[in-house]
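Peer 1: Here you go, this is work.cif (mmCIF, C-alpha atoms).
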data_my_file
loop_
_atom_site.label_atom_id
_atom_site.label_comp_id
_atom_site.auth_asym_id
_atom_site.auth_seq_id
_atom_site.Cartn_x
_atom_site.Cartn_y
_atom_site.Cartn_z
CA MET C 1 26.99 98.76 132.79
CA ILE C 2 30.79 99.15 132.80
CA LYS C 3 31.90 100.93 135.98
CA THR C 4 35.63 100.33 136.28
CA ILE C 5 38.15 100.34 133.45
CA ALA C 6 41.61 98.88 133.94
CA PHE C 7 44.38 99.84 131.57
CA ASP C 8 47.38 97.67 130.99
CA ALA C 9 50.52 99.84 131.35
CA ASP C 10 53.40 98.74 129.11
CA ASP C 11 52.68 99.30 125.40
CA THR C 12 49.14 100.44 126.24
CA LEU C 13 49.87 103.67 128.12
CA TRP C 14 53.51 104.05 127.13
CA VAL C 15 56.25 102.52 124.97
CA ASN C 16 57.92 99.55 126.64
CA GLU C 17 58.70 96.59 124.38
CA THR C 18 60.87 98.83 122.20
CA TYR C 19 63.26 99.29 125.17
CA PHE C 20 63.50 95.53 125.66
CA ARG C 21 64.21 95.02 121.94
CA ASP C 22 66.91 97.68 122.01
CA ALA C 23 68.46 96.11 125.10
CA GLU C 24 68.38 92.69 123.43
CA ASP C 25 70.16 94.16 120.39
CA GLN C 26 72.82 95.76 122.59
CA PHE C 27 73.27 92.48 124.45
CA CYS C 28 73.68 90.38 121.31
CA ASN C 29 76.04 92.96 119.82
CA LEU C 30 78.31 92.48 122.85
CA LEU C 31 78.60 88.76 122.09
CA THR C 32 79.07 88.66 118.31
CA GLU C 33 82.47 86.96 118.62
CA TYR C 34 80.78 84.02 120.35
CA ILE C 35 77.39 83.64 118.71
CA SER C 36 75.31 84.88 115.77
CA PHE C 37 72.71 87.54 116.38
CA GLU C 38 69.76 85.25 115.62
CA GLU C 39 71.06 82.41 117.79
CA CYS C 40 71.72 84.88 120.61
CA GLN C 41 68.12 86.16 120.49
CA LYS C 42 66.81 82.59 120.51
CA ARG C 43 68.95 81.52 123.47
CA LEU C 44 68.01 84.66 125.41
CA PHE C 45 64.31 84.01 124.88
CA GLU C 46 64.77 80.42 126.12
CA MET C 47 66.61 81.71 129.20
CA GLU C 48 63.86 84.24 129.95
CA LEU C 49 61.16 81.56 129.71
CA ARG C 50 63.17 79.20 131.90
CA ASN C 51 63.53 81.89 134.59
CA LEU C 52 60.00 83.29 134.30
CA PRO C 53 58.29 81.08 136.94
CA LEU C 54 60.96 81.97 139.52
CA TYR C 55 61.78 85.58 138.56
CA GLY C 56 58.49 86.92 137.15
CA TYR C 57 58.24 89.90 134.79
CA GLY C 58 60.20 93.14 134.59
CA ILE C 59 63.59 94.70 134.05
CA LYS C 60 65.41 93.15 137.03
CA PRO C 61 64.51 89.57 136.02
CA PHE C 62 65.54 90.50 132.47
CA SER C 63 68.93 91.80 133.70
CA LEU C 64 69.58 88.62 135.68
CA SER C 65 68.65 86.50 132.66
CA LEU C 66 71.00 88.52 130.43
CA ILE C 67 73.92 87.86 132.79
CA GLU C 68 73.14 84.15 133.14
CA CYS C 69 72.70 83.85 129.38
CA ALA C 70 76.02 85.60 128.64
CA ILE C 71 77.87 83.17 130.91
CA GLU C 72 76.06 80.13 129.52
CA LEU C 73 76.44 80.87 125.83
CA THR C 74 80.11 81.84 126.11
CA GLU C 75 80.73 78.78 128.30
CA GLY C 76 82.07 81.05 131.02
CA ASP C 77 84.41 82.96 128.70
CA VAL C 78 82.55 86.31 128.88
CA SER C 79 84.57 89.11 130.48
CA THR C 80 83.52 90.98 133.61
CA GLU C 81 83.66 94.16 131.48
CA ILE C 82 80.80 92.79 129.40
CA ILE C 83 78.89 91.70 132.53
CA SER C 84 79.30 95.24 133.88
CA GLU C 85 77.96 96.60 130.59
CA ILE C 86 74.96 94.28 130.89
CA ILE C 87 74.26 95.59 134.41
CA GLU C 88 74.37 99.11 132.95
CA ILE C 89 71.96 98.15 130.15
CA GLY C 90 69.45 97.14 132.85
CA LYS C 91 70.02 100.31 134.87
CA ALA C 92 69.57 102.46 131.75
CA MET C 93 66.21 100.74 131.15
CA LEU C 94 65.12 101.57 134.71
CA ASN C 95 66.13 105.19 134.13
CA ALA C 96 64.66 105.46 130.62
CA PRO C 97 62.27 108.28 129.75
CA VAL C 98 58.57 107.42 129.58
CA ASN C 99 56.99 108.08 126.17
CA THR C 100 53.21 107.95 126.35
CA LEU C 101 51.35 106.63 123.32
CA ASP C 102 49.56 109.01 120.95
CA GLY C 103 46.14 110.14 122.11
CA ILE C 104 46.20 108.32 125.43
CA GLU C 105 46.01 111.41 127.66
CA ASN C 106 42.93 112.74 125.86
CA VAL C 107 41.26 109.33 126.21
CA LEU C 108 42.00 109.10 129.93
CA GLN C 109 40.80 112.66 130.49
CA GLN C 110 37.45 111.86 128.85
CA LEU C 111 36.99 108.44 130.45
CA SER C 112 37.90 109.61 133.95
CA LYS C 113 34.73 111.77 133.96
CA LYS C 114 32.51 108.72 133.68
CA PHE C 115 34.46 105.68 134.98
CA LYS C 116 36.79 104.66 137.78
CA LEU C 117 40.15 104.08 136.09
CA VAL C 118 42.92 101.84 137.40
CA VAL C 119 46.23 100.57 136.02
CA ALA C 120 46.49 96.76 135.98
CA THR C 121 49.97 95.57 135.18
CA LYS C 122 52.39 92.72 135.57
CA GLY C 123 55.91 93.40 136.65
CA ASP C 124 57.52 95.49 139.25
CA LEU C 125 55.63 97.90 141.52
CA LEU C 126 58.53 100.34 142.02
CA ASP C 127 59.24 100.48 138.28
CA GLN C 128 55.58 100.88 137.30
CA GLU C 129 55.04 103.62 139.92
CA ARG C 130 58.12 105.41 138.59
CA LYS C 131 56.80 105.21 135.01
CA LEU C 132 53.31 106.34 136.01
CA LYS C 133 54.80 109.35 137.78
CA LYS C 134 57.11 110.23 134.86
CA SER C 135 54.24 109.77 132.37
CA GLY C 136 52.18 112.61 133.81
CA LEU C 137 49.12 110.33 133.67
CA ALA C 138 48.91 109.44 137.38
CA SER C 139 46.11 111.87 138.23
CA TYR C 140 43.63 110.04 135.96
CA PHE C 141 43.94 106.77 137.89
CA HIS C 142 42.49 105.72 141.21
CA HIS C 143 45.48 103.46 141.85
CA ILE C 144 47.83 100.82 140.35
CA GLU C 145 47.08 97.13 140.66
CA VAL C 146 50.28 95.15 140.25
CA MET C 147 49.55 91.52 139.41
CA SER C 148 52.12 88.73 139.70
CA ASP C 149 50.57 87.24 136.55
CA LYS C 150 47.53 87.81 134.32
CA GLN C 151 45.78 84.46 134.59
CA PRO C 152 41.98 84.24 135.07
CA GLU C 153 42.48 83.72 138.83
CA ASN C 154 44.51 86.95 139.06
CA TYR C 155 41.65 88.83 137.37
CA THR C 156 39.11 87.22 139.71
CA LYS C 157 41.19 88.46 142.64
CA LEU C 158 41.33 91.90 141.02
CA VAL C 159 37.55 92.30 140.54
CA ASN C 160 36.96 90.99 144.08
CA HIS C 161 39.46 93.48 145.37
CA LEU C 162 37.74 96.27 143.39
CA ASP C 163 34.48 95.03 144.90
CA ILE C 164 32.63 94.84 141.55
CA GLU C 165 31.02 92.19 139.33
CA PRO C 166 33.05 90.94 136.33
CA SER C 167 30.26 92.28 134.07
CA SER C 168 31.03 95.83 135.31
CA PHE C 169 34.75 95.50 134.54
CA LEU C 170 36.54 96.37 131.29
CA MET C 171 40.21 95.60 130.65
CA ILE C 172 42.04 97.50 127.90
CA GLY C 173 45.43 96.34 126.67
CA ASN C 174 47.76 95.38 123.86
CA SER C 175 48.15 91.67 124.66
CA LEU C 176 45.47 89.17 123.59
CA LYS C 177 47.13 86.60 125.81
CA SER C 178 47.32 88.68 128.99
CA ASP C 179 44.74 91.46 128.67
CA VAL C 180 41.94 89.80 126.71
CA ILE C 181 41.60 86.01 126.91
CA PRO C 182 41.79 85.58 130.73
CA VAL C 183 39.44 88.58 131.14
CA LEU C 184 36.81 87.09 128.82
CA GLU C 185 37.16 83.81 130.72
CA ILE C 186 35.92 85.41 133.94
CA GLY C 187 32.98 87.08 132.17
CA ALA C 188 34.38 90.60 132.00
CA HIS C 189 34.77 92.93 129.00
CA ALA C 190 38.04 93.27 127.07
CA PHE C 191 39.25 95.77 124.45
CA HIS C 192 42.37 95.06 122.42
CA ILE C 193 44.57 97.85 121.04
CA PRO C 194 47.56 96.25 119.30
CA PHE C 195 51.05 97.75 119.66
CA HIS C 196 53.44 97.41 116.72
CA THR C 197 55.85 95.19 118.67
CA THR C 198 54.86 92.23 120.84
CA TRP C 199 57.15 90.00 122.89
CA ALA C 200 57.07 86.43 121.51
CA HIS C 201 55.82 85.15 124.88
CA GLU C 202 52.71 87.35 124.59
CA THR C 203 51.64 86.33 121.08
CA VAL C 204 48.78 83.97 120.21
CA ASP C 205 48.13 82.50 116.78
CA PHE C 206 44.37 82.70 116.61
CA GLU C 207 41.65 85.32 116.32
CA VAL C 208 39.30 86.25 119.13
CA LYS C 209 35.54 86.56 118.63
CA HIS C 210 33.37 87.12 121.68
CA GLU C 211 30.37 89.28 122.54
CA LEU C 212 32.30 91.05 125.33
CA PHE C 213 35.35 91.66 123.11
CA LYS C 214 36.27 94.51 120.74
CA SER C 215 39.44 95.42 118.89
CA PHE C 216 40.50 98.96 117.94
CA ASP C 217 43.29 100.28 115.72
CA SER C 218 43.72 103.42 117.78
CA VAL C 219 43.04 104.11 121.46
CA GLU C 220 41.01 107.23 120.58
CA ASP C 221 38.45 105.06 118.78
CA ILE C 222 37.32 103.58 122.10
CA LEU C 223 35.77 106.95 123.04
CA ASN C 224 33.07 106.49 120.37
CA ASP C 225 32.19 103.22 122.03
CA LEU C 226 32.30 104.24 125.69
CA MET C 227 31.26 107.89 125.88
CA MET T 1 38.06 101.42 167.19
CA ILE T 2 40.65 99.40 165.23
CA LYS T 3 39.02 97.75 162.22
CA THR T 4 41.85 96.70 159.91
CA ILE T 5 45.16 95.22 160.97
CA ALA T 6 48.08 95.08 158.55
CA PHE T 7 50.92 92.68 159.22
CA ASP T 8 54.37 93.22 157.83
CA ALA T 9 55.52 89.97 156.18
CA ASP T 10 59.28 89.40 156.41
CA ASP T 11 60.45 88.72 159.98
CA THR T 12 56.94 89.36 161.28
CA LEU T 13 55.06 86.41 159.75
CA TRP T 14 58.09 84.35 158.71
CA VAL T 15 61.87 84.23 158.89
CA ASN T 16 63.54 86.37 156.22
CA GLU T 17 66.57 88.36 157.34
CA THR T 18 68.33 85.12 158.30
CA TYR T 19 68.32 84.06 154.63
CA PHE T 20 69.88 87.35 153.58
CA ARG T 21 72.57 87.01 156.26
CA ASP T 22 73.34 83.47 155.14
CA ALA T 23 73.54 84.60 151.52
CA GLU T 24 75.85 87.45 152.52
CA ASP T 25 78.10 84.95 154.34
CA GLN T 26 78.19 82.65 151.30
CA PHE T 27 78.99 85.61 149.06
CA CYS T 28 81.85 86.88 151.22
CA ASN T 29 83.22 83.36 151.57
CA LEU T 30 83.51 83.18 147.76
CA LEU T 31 85.74 86.26 147.76
CA THR T 32 88.12 85.63 150.69
CA GLU T 33 91.18 85.70 148.41
CA TYR T 34 90.33 89.29 147.45
CA ILE T 35 88.89 90.87 150.58
CA SER T 36 88.36 90.30 154.29
CA PHE T 37 84.98 89.16 155.50
CA GLU T 38 84.26 92.39 157.38
CA GLU T 39 85.30 94.63 154.48
CA CYS T 40 83.21 92.53 152.11
CA GLN T 41 80.10 92.97 154.28
CA LYS T 42 80.71 96.70 154.48
CA ARG T 43 81.16 97.11 150.71
CA LEU T 44 78.10 95.00 149.99
CA PHE T 45 75.96 97.12 152.30
CA GLU T 46 77.22 100.26 150.54
CA MET T 47 76.38 98.75 147.15
CA GLU T 48 72.87 97.81 148.30
CA LEU T 49 72.20 101.34 149.57
CA ARG T 50 73.55 102.85 146.35
CA ASN T 51 71.21 100.65 144.25
CA LEU T 52 68.19 100.92 146.54
CA PRO T 53 66.53 103.98 144.89
CA LEU T 54 66.72 102.36 141.45
CA TYR T 55 66.24 98.68 142.31
CA GLY T 56 63.99 98.76 145.39
CA TYR T 57 63.73 95.90 147.91
CA GLY T 58 63.84 92.14 147.49
CA ILE T 59 65.91 89.19 146.37
CA LYS T 60 66.37 90.16 142.69
CA PRO T 61 67.82 93.60 143.54
CA PHE T 62 70.02 91.84 146.12
CA SER T 63 71.28 89.37 143.47
CA LEU T 64 72.10 92.16 141.05
CA SER T 65 73.95 94.06 143.79
CA LEU T 66 75.93 90.93 144.71
CA ILE T 67 77.11 90.55 141.10
CA GLU T 68 78.01 94.23 140.73
CA CYS T 69 79.79 94.18 144.09
CA ALA T 70 81.82 91.07 143.18
CA ILE T 71 83.06 92.72 139.98
CA GLU T 72 83.79 96.02 141.71
CA LEU T 73 85.68 94.71 144.72
CA THR T 74 87.81 92.27 142.68
CA GLU T 75 88.43 95.03 140.10
CA GLY T 76 86.99 92.78 137.41
CA ASP T 77 89.06 89.75 138.38
CA VAL T 78 86.15 87.63 139.68
CA SER T 79 85.56 84.45 137.64
CA THR T 80 82.33 83.67 135.80
CA GLU T 81 82.13 80.50 137.94
CA ILE T 82 81.75 82.70 141.00
CA ILE T 83 79.20 84.92 139.23
CA SER T 84 77.23 81.78 138.35
CA GLU T 85 77.38 80.72 142.01
CA ILE T 86 76.06 84.14 143.02
CA ILE T 87 73.13 83.75 140.59
CA GLU T 88 72.42 80.38 142.22
CA ILE T 89 72.54 81.92 145.72
CA GLY T 90 69.74 84.28 144.61
CA LYS T 91 67.71 81.48 143.04
CA ALA T 92 68.07 79.36 146.20
CA MET T 93 66.70 82.27 148.23
CA LEU T 94 63.67 82.50 145.93
CA ASN T 95 63.12 78.76 146.37
CA ALA T 96 63.78 78.70 150.13
CA PRO T 97 61.26 77.12 152.50
CA VAL T 98 59.03 79.47 154.46
CA ASN T 99 59.35 79.14 158.22
CA THR T 100 56.56 80.91 160.03
CA LEU T 101 57.38 82.51 163.39
CA ASP T 102 56.26 80.88 166.64
CA GLY T 103 52.68 81.51 167.60
CA ILE T 104 51.75 83.54 164.53
CA GLU T 105 49.12 81.16 163.18
CA ASN T 106 47.22 81.09 166.48
CA VAL T 107 47.31 84.89 166.61
CA LEU T 108 45.99 85.27 163.06
CA GLN T 109 43.27 82.70 163.70
CA GLN T 110 42.03 84.66 166.73
CA LEU T 111 42.34 88.12 165.17
CA SER T 112 40.65 87.15 161.90
CA LYS T 113 37.40 86.60 163.85
CA LYS T 114 37.25 90.24 164.84
CA PHE T 115 39.33 92.27 162.32
CA LYS T 116 40.02 92.54 158.61
CA LEU T 117 43.61 91.37 158.19
CA VAL T 118 45.93 92.32 155.34
CA VAL T 119 49.62 91.81 154.60
CA ALA T 120 51.50 95.09 154.00
CA THR T 121 54.98 94.51 152.69
CA LYS T 122 57.79 96.04 150.71
CA GLY T 123 59.51 94.05 148.05
CA ASP T 124 58.41 91.81 145.30
CA LEU T 125 54.78 90.81 144.70
CA LEU T 126 55.57 87.43 143.08
CA ASP T 127 57.98 86.51 145.87
CA GLN T 128 55.65 87.63 148.66
CA GLU T 129 52.69 85.77 147.09
CA ARG T 130 54.85 82.66 146.83
CA LYS T 131 55.84 82.93 150.51
CA LEU T 132 52.28 83.58 151.65
CA LYS T 133 51.12 80.49 149.77
CA LYS T 134 53.96 78.33 151.13
CA SER T 135 53.38 79.65 154.67
CA GLY T 136 49.88 78.22 154.91
CA LEU T 137 48.70 81.56 156.35
CA ALA T 138 47.00 82.93 153.20
CA SER T 139 43.43 82.11 154.30
CA TYR T 140 43.63 84.51 157.26
CA PHE T 141 44.25 87.55 155.05
CA HIS T 142 41.92 89.57 152.86
CA HIS T 143 44.76 90.36 150.47
CA ILE T 144 48.40 91.47 150.13
CA GLU T 145 49.32 95.13 149.79
CA VAL T 146 52.75 95.43 148.21
CA MET T 147 54.25 98.86 148.82
CA SER T 148 57.19 100.27 146.87
CA ASP T 149 58.36 101.85 150.12
CA LYS T 150 57.07 102.37 153.67
CA GLN T 151 57.11 106.15 153.92
CA PRO T 152 54.17 108.07 155.48
CA GLU T 153 52.78 108.82 151.97
CA ASN T 154 52.74 105.10 151.15
CA TYR T 155 50.71 104.44 154.32
CA THR T 156 48.33 107.30 153.47
CA LYS T 157 47.77 105.68 150.08
CA LEU T 158 47.21 102.35 151.83
CA VAL T 159 44.54 103.57 154.26
CA ASN T 160 42.81 105.47 151.42
CA HIS T 161 42.87 102.34 149.35
CA LEU T 162 41.43 100.34 152.29
CA ASP T 163 38.80 103.07 152.58
CA ILE T 164 39.30 103.59 156.34
CA GLU T 165 40.46 106.35 158.68
CA PRO T 166 44.05 106.18 159.98
CA SER T 167 42.61 105.91 163.51
CA SER T 168 40.97 102.56 162.53
CA PHE T 169 44.23 101.15 161.19
CA LEU T 170 46.85 99.16 163.11
CA MET T 171 50.21 98.15 161.62
CA ILE T 172 52.17 95.30 163.23
CA GLY T 173 55.79 94.69 162.32
CA ASN T 174 59.39 94.15 163.35
CA SER T 175 60.87 97.38 162.00
CA LEU T 176 60.58 100.62 163.96
CA LYS T 177 61.77 102.49 160.88
CA SER T 178 59.31 100.98 158.38
CA ASP T 179 56.39 99.58 160.36
CA VAL T 180 56.09 102.02 163.27
CA ILE T 181 57.39 105.57 162.77
CA PRO T 182 55.72 106.39 159.40
CA VAL T 183 52.48 104.81 160.69
CA LEU T 184 52.41 106.97 163.82
CA GLU T 185 53.12 109.98 161.60
CA ILE T 186 49.81 109.53 159.76
CA GLY T 187 47.86 109.10 163.00
CA ALA T 188 47.44 105.33 162.87
CA HIS T 189 48.27 102.68 165.51
CA ALA T 190 51.53 100.70 165.45
CA PHE T 191 52.68 97.59 167.34
CA HIS T 192 56.34 96.60 167.34
CA ILE T 193 57.44 92.98 167.71
CA PRO T 194 61.24 92.85 167.39
CA PHE T 195 62.95 90.04 165.47
CA HIS T 196 66.39 88.91 166.65
CA THR T 197 68.11 90.09 163.44
CA THR T 198 67.55 93.45 161.74
CA TRP T 199 69.13 94.71 158.52
CA ALA T 200 71.36 97.72 159.27
CA HIS T 201 69.24 99.84 156.91
CA GLU T 202 66.16 99.21 159.09
CA THR T 203 67.65 100.11 162.46
CA VAL T 204 67.04 103.32 164.39
CA ASP T 205 69.01 104.49 167.41
CA PHE T 206 66.26 105.94 169.55
CA GLU T 207 63.27 104.75 171.58
CA VAL T 208 59.69 105.33 170.56
CA LYS T 209 57.06 106.64 172.99
CA HIS T 210 53.64 107.50 171.63
CA GLU T 211 50.05 107.01 172.78
CA LEU T 212 49.22 104.96 169.64
CA PHE T 213 52.35 102.78 169.99
CA LYS T 214 53.00 99.54 171.88
CA SER T 215 55.89 97.09 171.88
CA PHE T 216 55.62 93.36 172.60
CA ASP T 217 58.23 90.68 173.17
CA SER T 218 56.09 87.96 171.63
CA VAL T 219 53.38 88.13 168.98
CA GLU T 220 51.00 86.12 171.20
CA ASP T 221 51.02 88.94 173.78
CA ILE T 222 49.08 91.17 171.37
CA LEU T 223 46.00 88.99 171.87
CA ASN T 224 45.64 90.23 175.45
CA ASP T 225 45.53 93.73 174.09
CA LEU T 226 43.25 93.26 171.07
CA MET T 227 40.80 90.49 171.97
#
With the file now loaded, output its structure as structure tokens.
Peer 2:
Amino acid sequence: MIKTIAFDADDTLWVNETYFRDAEDQFCNLLTEYISFEECQKRLFEMELRNLPLYGYGIKPFSLSLIECAIELTEGDVSTEIISEIIEIGKAMLNAPVNTLDGIENVLQQLSKKFKLVVATKGDLLDQERKLKKSGLASYFHHIEVMSDKQPENYTKLVNHLDIEPSSFLMIGNSLKSDVIPVLEIGAHAFHIPFHTTWAHETVDFEVKHELFKSFDSVEDILNDLM
Amino acid sequence: MIKTIAFDADDTLWVNETYFRDAEDQFCNLLTEYISFEECQKRLFEMELRNLPLYGYGIKPFSLSLIECAIELTEGDVSTEIISEIIEIGKAMLNAPVNTLDGIENVLQQLSKKFKLVVATKGDLLDQERKLKKSGLASYFHHIEVMSDKQPENYTKLVNHLDIEPSSFLMIGNSLKSDVIPVLEIGAHAFHIPFHTTWAHETVDFEVKHELFKSFDSVEDILNDLM
């Protein structure tokens, strides 16, 4: 019944959130004379949420929020040396190596024999294309779908674009909020594979039970279900 | 023979470059005590080109380049007030009204009766979706194709994705470099409609002559050719 499988990219195919956490730590360490580490993290999260509707997801929005946050929480006292360091933190993230998650290549190799595979991700096309290339996984996918958000209407657009019924579509990802709930809402299948670190904005505080939903501890376990 | 027509977005459907030029003027006006207007423009262009491979196209890369440029060309002396103003210049661009070009809606209305129309644009998906929505032109298009670049290989990917032959594909845009030359290289049709302002990075210093190429002074003139 399932014909097309879309994989989320960040923290489903490769490590991502870890880089954001490291960058956040570096950022807050630059500002310890102004603000405690915990308060810095809290203010940064608030800034990111405030800028999200205008900036969207990805490293460049994150970099701009870091700079704005540094100016705001030092009341303009931050040095241009620190702002330059922040710009470099963002550039280092864009240049970071891509570490694929354990077992993912084997899974894609198997699934690609039976299904059409695509990448469905929020964020920045250039950055996601770069990561897909560096990951060595590109050949398993038909193409990348970059979505400005992962609301039900974005998934409806996606299945229309793929020219399939929602019932033939399976989304696999690490975020209940982005990869599961909106997918179930449009009548498609969703598999959840948690990653050890989740951005606060992506967390939900309830459990999901649904006939089109399954959760797996390891990506390799999905092969027993699909093959 | 032509089945699918792709329109470039910025400066083909709506005014764009004008906003970048205005932002550049505002930026250089903030730094007159450090650097002449002409030198400022030159240094900014160099910074944008240097960051282009890593950042790609769009307003957020531009904002980050403005900040880095301000620090570099004042040797770190720029105030955080000015950096905050630069952040606001970028945000104002993201919130700017969308002014569609003369005659474009009539053209799209006519063409949509006979062809599948898509938007094919570089830059930022969220920003381009926002502009398409604000423009009131969204209903004429099947969907938006956001491309990380407009090289021949990106156009090959596009026609494969659209599931058509290059010979059935027509690209319409204001940039010879991005919308015409790479399109002719893959054996597809290209129409050029110049806009009064072109970013230096998009200019070419030669004329194009090719059997699959046409140039028009006004977008409405293409109707005589296609309908």
Peer 1: To one decimal place, how far is CA of Ala96 in chain C from CA of Cys69 in chain C in Å?
Peer 2: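 One can read the CA of Ala96 in chain C to CA of Cys69 in chain C distance as 23.1 Å.
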Peer 1: Could you state which residues are captured by the PyMOL selection byres ((chain C) within 7 of (chain T)) in this file, as a ChimeraX atom specification?
Peer 2: /C:54,56,60-61,64,71,76,80-81,94,125-126,148
Peer 1: I need the chosen residues saved as a PDB file, keeping the file's coordinate frame, with C-alpha atoms.
Peer 2:
ATOM      1  CA  LEU C  54      60.960  81.970 139.520  1.00  0.00           C
ATOM      2  CA  GLY C  56      58.490  86.920 137.150  1.00  0.00           C
ATOM      3  CA  LYS C  60      65.410  93.150 137.030  1.00  0.00           C
ATOM      4  CA  PRO C  61      64.510  89.570 136.020  1.00  0.00           C
ATOM      5  CA  LEU C  64      69.580  88.620 135.680  1.00  0.00           C
ATOM      6  CA  ILE C  71      77.870  83.170 130.910  1.00  0.00           C
ATOM      7  CA  GLY C  76      82.070  81.050 131.020  1.00  0.00           C
ATOM      8  CA  THR C  80      83.520  90.980 133.610  1.00  0.00           C
ATOM      9  CA  GLU C  81      83.660  94.160 131.480  1.00  0.00           C
ATOM     10  CA  LEU C  94      65.120 101.570 134.710  1.00  0.00           C
ATOM     11  CA  LEU C 125      55.630  97.900 141.520  1.00  0.00           C
ATOM     12  CA  LEU C 126      58.530 100.340 142.020  1.00  0.00           C
ATOM     13  CA  SER C 148      52.120  88.730 139.700  1.00  0.00           C
TER      14      SER C 148
END
Peer 1: Which residues, written as a PDB file with C-alpha atoms, in the frame of the given file, have at least one atom at most 12 Å from Asp205 in chain C, with all atoms listed in the file counted and residues fewer than 5 positions away on the same chain left out?
Peer 2:
ATOM      1  CA  LEU C 176      45.470  89.170 123.590  1.00  0.00           C
ATOM      2  CA  LYS C 177      47.130  86.600 125.810  1.00  0.00           C
ATOM      3  CA  ALA C 200      57.070  86.430 121.510  1.00  0.00           C
TER       4      ALA C 200
END
Peer 1: Which residue is closest to Ser175 in chain T? Choose from T:Lys3, T:Thr12, T:Glu207, T:Lys131 and count all atoms listed in the file.
Peer 2: T:Thr12
Peer 1: Could you list, as a ChimeraX atom specification, every residue matched by the PyMOL selection byres ((chain C and resi 105) around 12) in this structure?
Peer 2: /C:12-14,99-104,106-112,135-141,219-220
Peer 1: So that I can check the surroundings of Lys209 in chain C, please list as a ChimeraX atom specification every protein, DNA and RNA residue that reaches within 12 Å of it, counting only C-alpha atoms and ignoring chain neighbours fewer than 5 positions away.
Peer 2: /C:176,180-181,184,190-192,214-215
Peer 1: So that I can see what lies close to Asp8 in chain T, please list as a ChimeraX atom specification the residues with an atom at most 6 Å from it, counting all atoms listed in the file and leaving out residues fewer than 3 positions away in the same chain.
Peer 2: /T:12,119-121,173
Peer 1: Where's the centre, and what are the edge lengths in Å to one decimal, of a box along x, y and z enclosing all listed atoms of range 61-77 of chain C padded 4 Å per side, as JSON?
Peer 2:
{"center_x": 74.5, "center_y": 85.3, "center_z": 130.9, "size_x": 27.9, "size_y": 21.0, "size_z": 18.2}
Peer 1: Between T:Trp199, T:Leu52, T:Asp11, T:Ile86, single out the one closest to Leu31 in chain T, counting all atoms listed in the file.
Peer 2: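 Answer, going by the shortest atom-to-atom distance: T:Ile86.
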Peer 1: Using all atoms listed in the file, give me every residue within 10 Å of (54.2, 105.5, 157.3) in file coordinates, as number ranges by chain.
Peer 2: T: 149-158, 171, 177-188, 190
Peer 1: Any chance you could export range 25-36 of chain C with N, CA and C atoms, as a JSON list (two decimals), in the first residue's frame?
Peer 2:
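Contents of result_14.json, freshly written:
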[["chain", "number", "residue", "atom", "x", "y", "z"],
["C", 25, "ASP", "N", 26.24, 26.46, 23.35],
["C", 25, "ASP", "CA", 27.21, 26.46, 24.45],
["C", 25, "ASP", "C", 28.33, 27.46, 24.20],
["C", 26, "GLN", "N", 28.87, 27.43, 22.98],
["C", 26, "GLN", "CA", 29.95, 28.37, 22.63],
["C", 26, "GLN", "C", 29.47, 29.80, 22.78],
["C", 27, "PHE", "N", 28.25, 30.05, 22.30],
["C", 27, "PHE", "CA", 27.66, 31.40, 22.36],
["C", 27, "PHE", "C", 27.55, 31.85, 23.81],
["C", 28, "CYS", "N", 26.96, 31.03, 24.66],
["C", 28, "CYS", "CA", 26.74, 31.43, 26.05],
["C", 28, "CYS", "C", 28.06, 31.56, 26.80],
["C", 29, "ASN", "N", 29.05, 30.77, 26.41],
["C", 29, "ASN", "CA", 30.38, 30.90, 27.02],
["C", 29, "ASN", "C", 31.05, 32.23, 26.68],
["C", 30, "LEU", "N", 30.68, 32.80, 25.53],
["C", 30, "LEU", "CA", 31.25, 34.11, 25.14],
["C", 30, "LEU", "C", 30.68, 35.25, 25.99],
["C", 31, "LEU", "N", 29.54, 34.99, 26.64],
["C", 31, "LEU", "CA", 28.81, 36.08, 27.31],
["C", 31, "LEU", "C", 28.72, 35.89, 28.82],
["C", 32, "THR", "N", 29.59, 35.03, 29.38],
["C", 32, "THR", "CA", 29.46, 34.73, 30.82],
["C", 32, "THR", "C", 29.64, 35.96, 31.71],
["C", 33, "GLU", "N", 30.35, 36.98, 31.25],
["C", 33, "GLU", "CA", 30.49, 38.16, 32.12],
["C", 33, "GLU", "C", 29.20, 39.00, 32.19],
["C", 34, "TYR", "N", 28.28, 38.72, 31.27],
["C", 34, "TYR", "CA", 27.03, 39.48, 31.25],
["C", 34, "TYR", "C", 25.84, 38.71, 31.83],
["C", 35, "ILE", "N", 25.85, 37.38, 31.65],
["C", 35, "ILE", "CA", 24.63, 36.62, 31.92],
["C", 35, "ILE", "C", 24.97, 35.16, 32.24],
["C", 36, "SER", "N", 24.18, 34.57, 33.13],
["C", 36, "SER", "CA", 24.43, 33.16, 33.48],
["C", 36, "SER", "C", 24.14, 32.26, 32.29]]
